[in-house]
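Pasting data-v4.cif here (mmCIF, C-alpha atoms and all ligand atoms):
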data_coords
loop_
_atom_site.label_atom_id
_atom_site.label_comp_id
_atom_site.auth_asym_id
_atom_site.auth_seq_id
_atom_site.Cartn_x
_atom_site.Cartn_y
_atom_site.Cartn_z
CA MET A 1 2.83 -21.69 -13.42
CA LEU A 2 -0.10 -21.97 -11.00
CA ASN A 3 -3.81 -21.43 -11.69
CA PHE A 4 -5.13 -17.98 -10.85
CA THR A 5 -8.17 -15.70 -10.70
CA PHE A 6 -7.69 -12.11 -11.78
CA TYR A 7 -10.50 -9.80 -10.68
CA THR A 8 -10.13 -6.06 -11.12
CA PRO A 9 -13.53 -4.39 -11.50
CA THR A 10 -12.49 -0.79 -10.73
CA ARG A 11 -13.16 1.74 -13.51
CA VAL A 12 -10.04 3.89 -13.87
CA VAL A 13 -10.38 7.47 -15.07
CA PHE A 14 -6.82 8.70 -15.57
CA GLY A 15 -5.24 12.04 -16.49
CA LYS A 16 -5.36 15.81 -16.19
CA ASP A 17 -8.53 17.47 -14.82
CA THR A 18 -10.34 14.13 -14.44
CA GLU A 19 -11.53 15.02 -10.93
CA GLY A 20 -14.10 17.27 -12.66
CA GLN A 21 -15.97 14.10 -13.64
CA VAL A 22 -16.49 12.93 -10.07
CA GLY A 23 -20.05 14.28 -9.68
CA ASP A 24 -21.38 12.70 -12.86
CA LEU A 25 -19.61 9.44 -12.15
CA ALA A 26 -20.92 9.22 -8.58
CA LYS A 27 -24.42 9.94 -9.85
CA ALA A 28 -24.08 7.29 -12.58
CA TYR A 29 -23.17 4.78 -9.86
CA GLY A 30 -26.35 5.65 -7.93
CA ALA A 31 -25.09 8.17 -5.36
CA HIS A 32 -27.63 10.53 -3.78
CA LYS A 33 -25.77 11.53 -0.64
CA VAL A 34 -22.01 11.09 -0.43
CA LEU A 35 -19.59 10.99 2.48
CA LEU A 36 -16.60 13.05 1.37
CA HIS A 37 -13.83 11.45 3.41
CA TYR A 38 -10.32 12.95 3.52
CA GLY A 39 -7.18 13.37 5.59
CA GLY A 40 -5.38 16.44 6.92
CA LYS A 41 -5.20 19.75 5.15
CA SER A 42 -3.43 18.85 1.87
CA ALA A 43 -6.56 18.39 -0.26
CA GLU A 44 -8.11 21.63 1.08
CA ARG A 45 -4.90 23.63 0.56
CA SER A 46 -4.44 22.47 -3.03
CA GLY A 47 -8.01 23.41 -3.96
CA LEU A 48 -8.87 19.78 -4.79
CA LEU A 49 -11.70 19.55 -2.24
CA GLY A 50 -13.21 22.76 -3.61
CA ARG A 51 -13.24 21.31 -7.12
CA ILE A 52 -14.81 18.08 -5.90
CA ARG A 53 -17.54 19.91 -3.93
CA LEU A 54 -18.34 21.92 -7.04
CA ALA A 55 -18.48 18.80 -9.25
CA LEU A 56 -20.86 17.10 -6.82
CA GLU A 57 -23.08 20.18 -6.59
CA MET A 58 -23.19 20.52 -10.40
CA ALA A 59 -24.31 16.90 -10.66
CA GLY A 60 -26.96 17.40 -7.99
CA VAL A 61 -25.34 14.99 -5.55
CA ASP A 62 -25.66 15.93 -1.88
CA TYR A 63 -22.72 15.37 0.50
CA VAL A 64 -21.46 15.49 4.08
CA GLU A 65 -17.80 15.68 5.03
CA LEU A 66 -15.47 13.93 7.41
CA GLY A 67 -11.78 14.86 7.38
CA GLY A 68 -8.97 14.14 9.81
CA VAL A 69 -7.83 10.69 8.68
CA VAL A 70 -4.20 10.27 9.79
CA PRO A 71 -1.49 8.15 8.09
CA ASN A 72 -1.76 4.60 9.47
CA PRO A 73 -5.51 5.33 9.82
CA HIS A 74 -7.24 4.89 13.15
CA LEU A 75 -10.17 2.72 14.14
CA ASP A 76 -11.88 5.51 16.10
CA LYS A 77 -12.20 7.60 12.89
CA VAL A 78 -13.79 4.57 11.21
CA TYR A 79 -16.42 4.30 13.99
CA GLU A 80 -17.02 8.06 13.75
CA GLY A 81 -17.56 7.73 9.98
CA ILE A 82 -19.98 4.84 10.37
CA GLU A 83 -22.10 6.77 12.90
CA LEU A 84 -22.09 9.94 10.79
CA CYS A 85 -23.19 8.05 7.65
CA LYS A 86 -26.03 6.31 9.53
CA LYS A 87 -27.24 9.63 10.98
CA GLU A 88 -27.04 11.48 7.65
CA GLY A 89 -28.47 8.76 5.43
CA VAL A 90 -25.34 8.56 3.29
CA ASP A 91 -25.52 6.02 0.44
CA PHE A 92 -22.05 6.37 -1.14
CA ILE A 93 -18.49 6.88 0.18
CA LEU A 94 -15.99 9.02 -1.72
CA ALA A 95 -12.39 8.75 -0.52
CA VAL A 96 -10.22 11.75 -1.41
CA GLY A 97 -6.67 10.84 -0.46
CA GLY A 98 -4.15 8.03 -0.39
CA GLY A 99 -4.00 4.61 1.18
CA SER A 100 -4.92 5.88 4.63
CA VAL A 101 -8.09 7.69 3.54
CA ILE A 102 -9.09 4.91 1.15
CA ASP A 103 -8.62 2.27 3.85
CA SER A 104 -10.55 4.31 6.41
CA SER A 105 -13.30 4.57 3.76
CA LYS A 106 -13.20 0.83 3.06
CA ALA A 107 -13.58 0.09 6.77
CA ILE A 108 -16.54 2.51 6.97
CA CYS A 109 -18.06 0.65 4.00
CA TYR A 110 -17.70 -2.69 5.80
CA GLY A 111 -19.26 -1.18 8.91
CA LEU A 112 -22.24 0.29 7.04
CA ALA A 113 -22.88 -2.87 5.04
CA GLU A 114 -23.22 -4.96 8.22
CA PRO A 115 -24.31 -2.35 10.78
CA ASP A 116 -25.03 -4.77 13.62
CA LYS A 117 -21.47 -6.09 13.71
CA ASP A 118 -18.20 -4.63 14.95
CA VAL A 119 -15.97 -3.91 11.96
CA TRP A 120 -12.79 -4.71 13.94
CA GLU A 121 -13.82 -8.41 13.94
CA LEU A 122 -12.72 -8.46 10.28
CA PHE A 123 -9.22 -7.25 11.16
CA ASP A 124 -9.14 -9.61 14.11
CA LYS A 125 -10.01 -12.41 11.65
CA THR A 126 -12.93 -13.64 13.75
CA ARG A 127 -15.39 -13.34 10.83
CA GLN A 128 -15.55 -12.70 7.07
CA ALA A 129 -17.44 -9.80 5.48
CA LYS A 130 -20.53 -10.75 3.49
CA CYS A 131 -21.25 -7.42 1.82
CA PHE A 132 -19.85 -3.96 1.14
CA PHE A 133 -21.08 -0.41 0.55
CA PRO A 134 -20.57 1.68 -2.64
CA LEU A 135 -17.09 3.24 -2.66
CA ALA A 136 -15.12 5.41 -5.09
CA VAL A 137 -11.75 7.18 -4.91
CA VAL A 138 -10.05 10.38 -5.97
CA LEU A 139 -6.39 9.46 -5.53
CA THR A 140 -3.92 12.06 -4.21
CA ILE A 141 -0.73 9.99 -3.69
CA ALA A 142 0.72 7.11 -5.69
CA ALA A 143 1.74 4.50 -3.13
CA ALA A 144 -0.52 1.96 -1.44
CA GLY A 145 -2.49 0.84 -4.50
CA SER A 146 -5.64 0.69 -2.38
CA GLU A 147 -7.54 2.39 -5.23
CA MET A 148 -7.67 -0.98 -7.02
CA SER A 149 -6.67 -3.47 -4.33
CA ASN A 150 -8.84 -5.80 -2.26
CA SER A 151 -6.96 -4.80 0.88
CA CYS A 152 -7.70 -2.52 3.85
CA VAL A 153 -5.26 -1.74 6.69
CA ILE A 154 -6.42 -0.14 9.95
CA THR A 155 -4.67 0.62 13.26
CA ASP A 156 -6.42 0.25 16.60
CA GLU A 157 -4.78 3.25 18.23
CA LYS A 158 -5.59 1.95 21.73
CA THR A 159 -3.68 -1.33 21.36
CA LEU A 160 -1.28 -0.11 18.59
CA GLN A 161 -2.31 -3.12 16.50
CA LYS A 162 -2.09 -2.44 12.75
CA ARG A 163 -4.04 -5.12 10.91
CA GLY A 164 -5.07 -5.83 7.33
CA TYR A 165 -8.17 -7.46 5.89
CA ASN A 166 -8.42 -8.60 2.25
CA ASN A 167 -11.67 -9.23 0.39
CA ASP A 168 -12.48 -8.77 -3.31
CA ILE A 169 -15.77 -7.07 -2.47
CA ALA A 170 -13.77 -4.04 -1.26
CA ARG A 171 -12.37 -3.06 -4.67
CA PRO A 172 -13.62 0.48 -5.39
CA LEU A 173 -16.24 1.08 -8.11
CA PHE A 174 -14.18 3.79 -9.75
CA ALA A 175 -10.89 5.58 -9.17
CA ILE A 176 -10.05 9.01 -10.51
CA MET A 177 -6.31 9.46 -10.95
CA ASN A 178 -4.91 12.82 -11.96
CA PRO A 179 -1.11 12.72 -11.59
CA GLU A 180 -1.01 16.54 -11.30
CA ILE A 181 -2.68 16.27 -7.89
CA THR A 182 0.42 14.49 -6.55
CA ARG A 183 2.67 17.51 -7.32
CA THR A 184 2.08 18.98 -3.87
CA LEU A 185 3.54 15.92 -2.11
CA PRO A 186 6.70 16.38 -0.02
CA ASP A 187 9.60 14.47 -1.61
CA TYR A 188 9.73 12.00 1.31
CA GLN A 189 6.11 10.97 0.64
CA THR A 190 6.68 10.70 -3.12
CA GLU A 191 9.69 8.46 -2.59
CA SER A 192 8.09 6.41 0.19
CA GLY A 193 5.24 5.86 -2.24
CA CYS A 194 7.67 4.64 -4.89
CA ALA A 195 9.28 2.24 -2.39
CA ASP A 196 5.84 0.84 -1.51
CA ILE A 197 4.81 0.46 -5.16
CA MET A 198 7.98 -1.46 -5.98
CA MET A 199 7.57 -3.62 -2.90
CA HIS A 200 4.02 -4.68 -3.85
CA THR A 201 5.53 -6.30 -6.93
CA MET A 202 8.73 -7.48 -5.19
CA GLU A 203 6.71 -9.24 -2.48
CA ARG A 204 5.03 -11.23 -5.26
CA TYR A 205 8.24 -11.72 -7.30
CA PHE A 206 10.35 -13.32 -4.55
CA ASN A 207 8.51 -16.60 -4.09
CA ASN A 208 9.10 -20.31 -4.32
CA GLY A 209 5.67 -21.24 -5.61
CA GLY A 210 5.27 -20.85 -9.35
CA SER A 211 6.21 -18.28 -11.93
CA MET A 212 5.15 -17.13 -15.36
CA GLU A 213 7.34 -15.50 -18.01
CA LEU A 214 4.73 -12.83 -18.79
CA THR A 215 4.22 -11.97 -15.11
CA ASP A 216 7.99 -11.75 -14.61
CA GLY A 217 8.32 -9.44 -17.62
CA LEU A 218 5.54 -7.15 -16.41
CA SER A 219 6.97 -7.13 -12.88
CA GLU A 220 10.53 -6.39 -13.92
CA SER A 221 9.40 -3.61 -16.23
CA LEU A 222 7.18 -2.12 -13.51
CA ILE A 223 9.98 -2.06 -10.94
CA ARG A 224 12.48 -0.58 -13.42
CA THR A 225 9.96 2.08 -14.50
CA VAL A 226 9.23 3.12 -10.92
CA MET A 227 12.96 3.26 -10.09
CA LYS A 228 13.70 5.44 -13.10
CA ASN A 229 10.85 7.84 -12.39
CA ALA A 230 11.49 7.94 -8.64
CA GLU A 231 14.96 9.28 -9.44
CA ILE A 232 13.51 11.82 -11.88
CA LEU A 233 10.96 13.05 -9.29
CA HIS A 234 13.68 13.36 -6.63
CA VAL A 235 15.20 16.23 -8.67
CA ASP A 236 12.24 17.31 -10.83
CA PRO A 237 9.07 16.96 -8.72
CA ASP A 238 6.93 18.82 -11.29
CA ASN A 239 7.57 16.29 -14.04
CA TYR A 240 4.04 15.26 -15.12
CA ASP A 241 5.04 12.22 -17.16
CA ALA A 242 7.12 10.82 -14.30
CA ARG A 243 4.19 11.35 -11.90
CA ALA A 244 1.87 9.61 -14.38
CA GLU A 245 4.17 6.59 -14.76
CA VAL A 246 4.41 6.20 -10.99
CA MET A 247 0.68 6.68 -10.42
CA TRP A 248 -0.36 4.03 -12.93
CA ALA A 249 2.32 1.70 -11.54
CA SER A 250 0.86 2.11 -8.04
CA SER A 251 -2.44 0.65 -9.20
CA LEU A 252 -1.03 -2.12 -11.41
CA SER A 253 1.45 -3.17 -8.76
CA HIS A 254 -1.24 -4.04 -6.23
CA ASN A 255 -4.32 -5.02 -8.25
CA GLY A 256 -3.11 -8.61 -8.60
CA LEU A 257 -1.54 -8.36 -12.07
CA THR A 258 2.02 -8.97 -10.91
CA GLY A 259 1.04 -12.08 -8.95
CA CYS A 260 -0.67 -14.06 -11.72
CA GLY A 261 0.66 -17.61 -11.92
CA THR A 262 2.56 -17.40 -8.62
CA ASP A 263 1.67 -18.60 -5.14
CA GLY A 264 0.66 -15.02 -4.23
CA GLY A 265 4.09 -14.06 -2.95
CA ASP A 266 6.03 -13.76 0.26
CA TRP A 267 4.79 -10.61 2.07
CA ALA A 268 7.17 -10.92 5.04
CA CYS A 269 8.42 -7.32 4.66
CA HIS A 270 4.84 -6.02 4.70
CA ARG A 271 3.91 -8.08 7.75
CA MET A 272 7.00 -6.87 9.57
CA GLU A 273 6.45 -3.24 8.53
CA HIS A 274 2.86 -3.32 9.76
CA GLU A 275 4.14 -4.08 13.25
CA LEU A 276 6.66 -1.23 13.01
CA GLY A 277 3.91 1.08 11.73
CA GLY A 278 1.56 0.10 14.55
CA MET A 279 4.20 0.53 17.27
CA PHE A 280 6.10 3.57 15.95
CA ASP A 281 3.74 5.19 13.41
CA VAL A 282 6.37 5.28 10.65
CA THR A 283 5.64 6.02 6.97
CA HIS A 284 4.75 2.68 5.38
CA GLY A 285 6.97 2.78 2.25
CA ALA A 286 9.99 4.06 4.17
CA GLY A 287 9.45 1.29 6.74
CA LEU A 288 9.53 -1.31 3.97
CA ALA A 289 12.78 0.10 2.54
CA ALA A 290 14.33 -0.01 6.02
CA ILE A 291 13.57 -3.71 6.45
CA TRP A 292 14.09 -5.04 2.92
CA GLY A 293 17.90 -5.35 2.89
CA SER A 294 17.98 -7.28 6.16
CA TRP A 295 15.16 -9.56 4.98
CA ALA A 296 16.79 -10.11 1.58
CA ARG A 297 20.16 -11.13 3.07
CA PHE A 298 18.39 -13.51 5.45
CA VAL A 299 16.33 -15.30 2.77
CA TYR A 300 18.18 -15.05 -0.57
CA ARG A 301 19.87 -18.47 -0.45
CA ASP A 302 16.45 -20.14 -0.17
CA CYS A 303 15.19 -18.27 -3.22
CA LEU A 304 18.44 -17.97 -5.16
CA PRO A 305 17.23 -18.22 -8.78
CA ARG A 306 14.76 -15.36 -8.23
CA PHE A 307 17.38 -13.15 -6.54
CA VAL A 308 19.82 -13.82 -9.42
CA GLN A 309 17.14 -13.04 -12.02
CA PHE A 310 16.22 -9.87 -10.11
CA ALA A 311 19.87 -8.75 -9.92
CA VAL A 312 20.43 -9.23 -13.65
CA ASN A 313 17.06 -8.20 -15.14
CA VAL A 314 16.07 -5.40 -12.75
CA MET A 315 19.26 -4.07 -11.16
CA ASP A 316 21.44 -4.48 -14.27
CA VAL A 317 24.07 -6.46 -12.36
CA LYS A 318 26.62 -8.37 -14.46
CA PRO A 319 26.55 -12.06 -13.41
CA GLY A 320 29.42 -12.70 -10.97
CA SER A 321 31.52 -15.81 -10.50
CA SER A 322 28.74 -17.44 -8.46
CA ASP A 323 24.97 -17.09 -8.08
CA ASP A 324 25.57 -16.08 -4.48
CA GLU A 325 27.77 -13.17 -5.56
CA THR A 326 25.27 -12.03 -8.22
CA ALA A 327 22.34 -12.13 -5.79
CA LEU A 328 24.22 -10.13 -3.15
CA ALA A 329 25.28 -7.55 -5.76
CA GLY A 330 21.58 -7.14 -6.65
CA ILE A 331 20.67 -6.54 -2.99
CA ARG A 332 23.44 -3.97 -2.63
CA ALA A 333 22.31 -2.22 -5.82
CA MET A 334 18.74 -1.92 -4.50
CA GLU A 335 20.02 -0.44 -1.22
CA ALA A 336 22.14 2.06 -3.18
CA PHE A 337 19.01 3.05 -5.10
CA TYR A 338 17.08 3.60 -1.83
CA ARG A 339 19.88 5.90 -0.63
CA ARG A 340 19.80 7.87 -3.89
CA ILE A 341 16.10 8.66 -3.42
CA GLY A 342 16.45 9.48 0.30
CA MET A 343 14.93 6.26 1.66
CA PRO A 344 16.29 4.52 4.77
CA THR A 345 18.11 1.20 4.47
CA ASN A 346 17.84 0.35 8.15
CA ILE A 347 15.53 1.01 11.08
CA LYS A 348 17.81 3.61 12.67
CA GLU A 349 17.71 5.70 9.49
CA LEU A 350 13.94 5.39 9.70
CA GLY A 351 14.20 7.37 12.93
CA VAL A 352 13.25 4.72 15.50
CA GLU A 353 15.29 2.51 17.79
CA PRO A 354 13.29 -0.51 18.98
CA THR A 355 14.55 -2.22 22.13
CA ASP A 356 15.16 -5.99 22.26
CA GLU A 357 11.89 -6.31 24.12
CA GLN A 358 9.98 -4.37 21.45
CA ILE A 359 11.54 -6.53 18.74
CA GLU A 360 10.39 -9.69 20.52
CA GLU A 361 6.92 -8.15 20.84
CA MET A 362 6.74 -7.32 17.12
CA ALA A 363 8.04 -10.76 16.12
CA ALA A 364 5.47 -12.43 18.37
CA ALA A 365 2.69 -10.35 16.82
CA VAL A 366 3.84 -11.29 13.30
CA ALA A 367 3.72 -14.96 14.30
CA VAL A 368 0.19 -14.59 15.69
CA VAL A 369 -1.10 -12.82 12.56
CA CYS A 370 0.77 -14.84 9.91
CA GLY A 371 1.49 -18.18 11.55
CA ASP A 372 4.81 -19.68 12.56
CA PRO A 373 6.45 -20.34 10.15
CA PHE A 374 5.21 -18.24 7.24
CA GLY A 375 6.50 -16.78 3.94
CA SER A 376 7.36 -18.09 0.49
CA ALA A 377 10.91 -16.95 -0.37
CA LYS A 378 11.90 -18.64 2.91
CA LYS A 379 9.73 -20.01 5.69
CA LEU A 380 10.33 -17.71 8.66
CA SER A 381 9.85 -18.65 12.30
CA LYS A 382 9.21 -16.13 15.06
CA LYS A 383 12.92 -16.37 15.92
CA ASP A 384 13.87 -15.62 12.30
CA VAL A 385 11.60 -12.57 12.23
CA ALA A 386 13.20 -11.21 15.42
CA GLU A 387 16.63 -11.77 13.87
CA ILE A 388 15.67 -9.87 10.69
CA TYR A 389 14.43 -6.94 12.82
CA ARG A 390 17.65 -7.00 14.86
CA LYS A 391 19.86 -7.06 11.75
CA ALA A 392 17.85 -4.16 10.31
CA ARG A 393 18.59 -1.93 13.32
O1 LIG B 401 -3.57 13.94 5.39
P1 LIG B 401 -3.08 14.81 4.33
O2 LIG B 401 -3.01 16.25 4.69
O3 LIG B 401 -3.78 14.59 3.01
O4 LIG B 401 -1.54 14.41 4.08
C1 LIG B 401 -1.15 13.15 3.53
C2 LIG B 401 -0.39 12.28 4.53
O5 LIG B 401 0.26 13.05 5.49
C3 LIG B 401 -0.12 13.40 2.48
N1 LIG B 401 -0.69 13.61 1.15
C4 LIG B 401 -1.47 12.78 0.44
N2 LIG B 401 -1.73 13.30 -0.76
C5 LIG B 401 -1.09 14.49 -0.81
C6 LIG B 401 -0.45 14.71 0.42
N3 LIG B 401 0.28 15.82 0.68
C7 LIG B 401 0.37 16.74 -0.29
N4 LIG B 401 -0.21 16.59 -1.50
C8 LIG B 401 -0.94 15.48 -1.80
N5 LIG B 401 -1.48 15.35 -3.01
O6 LIG B 401 0.65 12.21 2.42
C9 LIG B 401 0.69 11.62 3.71
C10 LIG B 401 0.54 10.13 3.55
O7 LIG B 401 -0.74 9.78 3.10
P2 LIG B 401 -1.21 8.25 3.20
O8 LIG B 401 -2.59 8.14 2.68
O9 LIG B 401 -0.94 7.74 4.57
O10 LIG B 401 -0.18 7.53 2.19
P3 LIG B 401 -0.21 6.12 1.52
O11 LIG B 401 -0.97 6.13 0.26
O12 LIG B 401 1.21 5.70 1.48
O13 LIG B 401 -1.03 5.16 2.51
C11 LIG B 401 -0.41 4.52 3.59
C12 LIG B 401 -1.38 3.61 4.28
O14 LIG B 401 -1.87 2.59 3.37
C13 LIG B 401 -1.60 1.28 3.94
C14 LIG B 401 -0.36 1.53 4.74
O15 LIG B 401 -0.10 0.51 5.66
C15 LIG B 401 -0.70 2.85 5.42
O16 LIG B 401 -1.59 2.65 6.48
N6 LIG B 401 -1.52 0.30 2.87
C16 LIG B 401 -2.67 -0.03 2.27
C17 LIG B 401 -2.72 -0.98 1.27
C18 LIG B 401 -3.99 -1.33 0.61
N7 LIG B 401 -5.13 -0.94 1.20
O17 LIG B 401 -4.02 -2.02 -0.43
C19 LIG B 401 -1.52 -1.72 0.83
C20 LIG B 401 -0.25 -1.15 1.33
O18 LIG B 401 0.71 -2.18 1.39
C21 LIG B 401 -0.31 -0.47 2.66
O19 LIG B 401 -0.19 -1.40 3.74
ZN ZN B 402 2.54 -1.59 0.91
#
Kindly transcribe the structure held in the file into structure tokens.
Amino acid sequence: MLNFTFYTPTRVVFGKDTEGQVGDLAKAYGAHKVLLHYGGKSAERSGLLGRIRLALEMAGVDYVELGGVVPNPHLDKVYEGIELCKKEGVDFILAVGGGSVIDSSKAICYGLAEPDKDVWELFDKTRQAKCFFPLAVVLTIAAAGSEMSNSCVITDEKTLQKRGYNNDIARPLFAIMNPEITRTLPDYQTESGCADIMMHTMERYFNNGGSMELTDGLSESLIRTVMKNAEILHVDPDNYDARAEVMWASSLSHNGLTGCGTDGGDWACHRMEHELGGMFDVTHGAGLAAIWGSWARFVYRDCLPRFVQFAVNVMDVKPGSSDDETALAGIRAMEAFYRRIGMPTNIKELGVEPTDEQIEEMAAAVAVVCGDPFGSAKKLSKKDVAEIYRKAR
């Protein structure tokens, strides 16, 4: 077991009708004028934005609005948000949405906190942020975990670079989570969200740098719980309890809890998906599912005890005649699960067909961002990454 720091300052307000508290909460955290930041039309159509406007008005908190955040959120919307907030004298950002809206909001917060600097420098890793701006969330999709995470992922739509920046100062002040709000999600988004939630724990679980019995137990239970409820939601999307289990799992899976005592995890699937997302604008969780099997088969021998433990404790595989056989049965079982919930198990099923040239380009970008080699389950070179992409086609 390795030493760790666990820092999770976000106040969570969870359950039915909790969005009604948003005005009083924002006021309690010092908001006078809020930027209400959201995505496409889903939050307007469901009536959620109307309820939030009303709650702000009742609390006497002024607001301006900026919608139009797209999945794999764009840098130009971030710049637009920063300029709007400066012009309007906004002192608080309220993200109403999922990972894309929250990350666009986080980037706006970085930009407002250090207004003389270009926010993209953070994603380019040419400087570190020194301060942040007040941020809170009303979550509408259980997936990215950005509502409690220290992470922010933005795409520069001009260069198609999708880049992340992690800093503990970016954890939101509070997050309102009403599972009922997620009922309007299309099944593909619900299930992509489940795949992403599981992967945030799996990325941490498959590592060669330290483990802890308690962390393993929490992780295995979290993955099993999400799998069970993902299958329930596939046939019964209105099931409140299943939505609640998945929503709470989304936050716990990416707030650091399932990495305590480890080396922080592997993260190769995420790094590789970010390149796919930047180049082809695919749905993040589905992109992870499409890559995972190829990655797992490439690395499992270098991380065999963890793959065996995963097969037995998570996938309910009976130990085979060798560890190799057990580990491979666990990988196959996970792919069968993805198919049952309508997730892709290769890049073609994801709906894109990268050329050899595009694969080399993505592998080169992974090497630039992560180093060569990188990873924990197995150290991957640029050549290895290209091979994993090719085998995932
Ligand atoms: O834009 P609207 O109309 O709201 O539609 C959205 C969007 O099309 C829709 N949606 C959201 N809530 C809904 C709804 N539709 C109906 N009813 C609702 N209640 O769902 C679509 C996807 O939304 P998005 O915010 O993109 O989903 P998600 O939460 O999966 O976020 C994905 C983004 O987060 C990044 C991903 O890379 C991707 O850019 N990630 C962020 C992380 C973080 N900051 O910690 C970690 C993750 O690993 C991930 O990389
Ligand atoms: Zn993710």
Can you build me a table of chain A residues sitting at most 8 Å from ligand LIG 401 (chain B), with the closest atom pair per residue and its distance in Å to one decimal, using all atoms listed in the file, sorted by chain and residue number, as a tab-separated table?
residue	atom	partner	partner_atom	distance
A:Tyr38	CA	B:LIG401	O3	6.8
A:Gly39	CA	B:LIG401	O1	3.7
A:Gly40	CA	B:LIG401	O2	3.3
A:Lys41	CA	B:LIG401	O2	4.2
A:Ser42	CA	B:LIG401	O2	3.9
A:Ala43	CA	B:LIG401	O3	5.7
A:Ser46	CA	B:LIG401	N4	7.4
A:Gly68	CA	B:LIG401	O1	7.0
A:Val69	CA	B:LIG401	O1	6.3
A:Val70	CA	B:LIG401	O1	5.8
A:Pro71	CA	B:LIG401	O9	3.6
A:Asn72	CA	B:LIG401	O16	3.6
A:Pro73	CA	B:LIG401	O16	5.8
A:Gly97	CA	B:LIG401	N2	5.5
A:Gly98	CA	B:LIG401	O8	3.4
A:Gly99	CA	B:LIG401	O13	3.3
A:Ser100	CA	B:LIG401	O8	3.8
A:Val101	CA	B:LIG401	O8	5.6
A:Ile102	CA	B:LIG401	N7	7.1
A:Asp103	CA	B:LIG401	N7	5.4
A:Leu139	CA	B:LIG401	N2	7.7
A:Thr140	CA	B:LIG401	N5	4.3
A:Ile141	CA	B:LIG401	N2	4.5
A:Ala142	CA	B:LIG401	O11	6.3
A:Ala143	CA	B:LIG401	O11	4.6
A:Ala144	CA	B:LIG401	C20	4.2
A:Gly145	CA	B:LIG401	O17	5.2
A:Ser146	CA	B:LIG401	O17	3.7
A:Glu147	CA	B:LIG401	O17	7.4
A:Met148	CA	B:LIG401	O17	7.6
A:Ser149	CA	B:LIG401	O17	4.9
A:Asn150	CA	B:LIG401	O17	6.4
A:Ser151	CA	B:LIG401	O17	4.3
A:Cys152	CA	B:LIG401	N7	4.0
A:Val153	CA	B:LIG401	C16	5.4
A:Ile154	CA	B:LIG401	O16	6.6
A:Thr155	CA	B:LIG401	O16	7.7
A:Lys162	CA	B:LIG401	O15	7.9
A:Gly164	CA	B:LIG401	O19	7.5
A:Ile181	CA	B:LIG401	N5	5.1
A:Thr182	CA	B:LIG401	N5	4.1
A:Arg183	CA	B:LIG401	N5	6.4
A:Thr184	CA	B:LIG401	N4	4.1
A:Leu185	CA	B:LIG401	C7	3.7
A:Pro186	CA	B:LIG401	C7	6.3
A:Gln189	CA	B:LIG401	O6	5.9
A:Ser192	CA	B:LIG401	O12	7.0
A:Gly193	CA	B:LIG401	O12	5.5
A:Asp196	CA	B:LIG401	O18	6.6
A:His200	CA	B:LIG401	O18	6.7
A:His254	CA	B:LIG401	O17	6.7
A:His270	CA	B:LIG401	O18	6.5
A:His274	CA	B:LIG401	O15	6.3
A:Gly277	CA	B:LIG401	O15	7.3
A:Thr283	CA	B:LIG401	O12	7.1
A:His284	CA	B:LIG401	C14	5.3
A:Gly285	CA	B:LIG401	O12	6.5
6 Å contact set for A:Ser294, all atoms listed in the file, chain neighbours under 3 positions out, as number ranges by chain: A: 291, 297, 388, 391-392
Considering only C-alpha atoms and all ligand atoms, can you say which of A:Tyr110, A:Tyr205, A:Phe374, A:Trp267 comes closest to ligand ZN 402 (chain B)? A:Trp267
Could you check which of A:Phe206, A:Leu35, A:Phe337, A:Tyr188 is closest to A:Val226, using all atoms listed in the file? A:Phe337
What's around A:Gln309 at 12 Å? Count only C-alpha atoms, leave out sequence neighbours fewer than 5 positions away in its own chain, and write the answer as a list of chain:residue names. A:Tyr205, A:Phe206, A:Glu213, A:Asp216, A:Gly217, A:Ser219, A:Glu220, A:Tyr300, A:Cys303, A:Leu304, A:Val314, A:Met315, A:Asp316, A:Val317, A:Lys318, A:Pro319, A:Asp323, A:Asp324, A:Thr326, A:Ala327, A:Leu328, A:Ala329, A:Gly330, A:Ile331
Written selection (C-alpha atoms) as an mmCIF file, in the coordinates of the input:
data_model
loop_
_atom_site.group_PDB
_atom_site.id
_atom_site.type_symbol
_atom_site.label_atom_id
_atom_site.label_comp_id
_atom_site.auth_asym_id
_atom_site.auth_seq_id
_atom_site.Cartn_x
_atom_site.Cartn_y
_atom_site.Cartn_z
ATOM 1 C CA TYR A 205 8.240 -11.720 -7.300
ATOM 2 C CA PHE A 206 10.350 -13.320 -4.550
ATOM 3 C CA GLU A 213 7.340 -15.500 -18.010
ATOM 4 C CA ASP A 216 7.990 -11.750 -14.610
ATOM 5 C CA GLY A 217 8.320 -9.440 -17.620
ATOM 6 C CA SER A 219 6.970 -7.130 -12.880
ATOM 7 C CA GLU A 220 10.530 -6.390 -13.920
ATOM 8 C CA TYR A 300 18.180 -15.050 -0.570
ATOM 9 C CA CYS A 303 15.190 -18.270 -3.220
ATOM 10 C CA LEU A 304 18.440 -17.970 -5.160
ATOM 11 C CA VAL A 314 16.070 -5.400 -12.750
ATOM 12 C CA MET A 315 19.260 -4.070 -11.160
ATOM 13 C CA ASP A 316 21.440 -4.480 -14.270
ATOM 14 C CA VAL A 317 24.070 -6.460 -12.360
ATOM 15 C CA LYS A 318 26.620 -8.370 -14.460
ATOM 16 C CA PRO A 319 26.550 -12.060 -13.410
ATOM 17 C CA ASP A 323 24.970 -17.090 -8.080
ATOM 18 C CA ASP A 324 25.570 -16.080 -4.480
ATOM 19 C CA THR A 326 25.270 -12.030 -8.220
ATOM 20 C CA ALA A 327 22.340 -12.130 -5.790
ATOM 21 C CA LEU A 328 24.220 -10.130 -3.150
ATOM 22 C CA ALA A 329 25.280 -7.550 -5.760
ATOM 23 C CA GLY A 330 21.580 -7.140 -6.650
ATOM 24 C CA ILE A 331 20.670 -6.540 -2.990
#
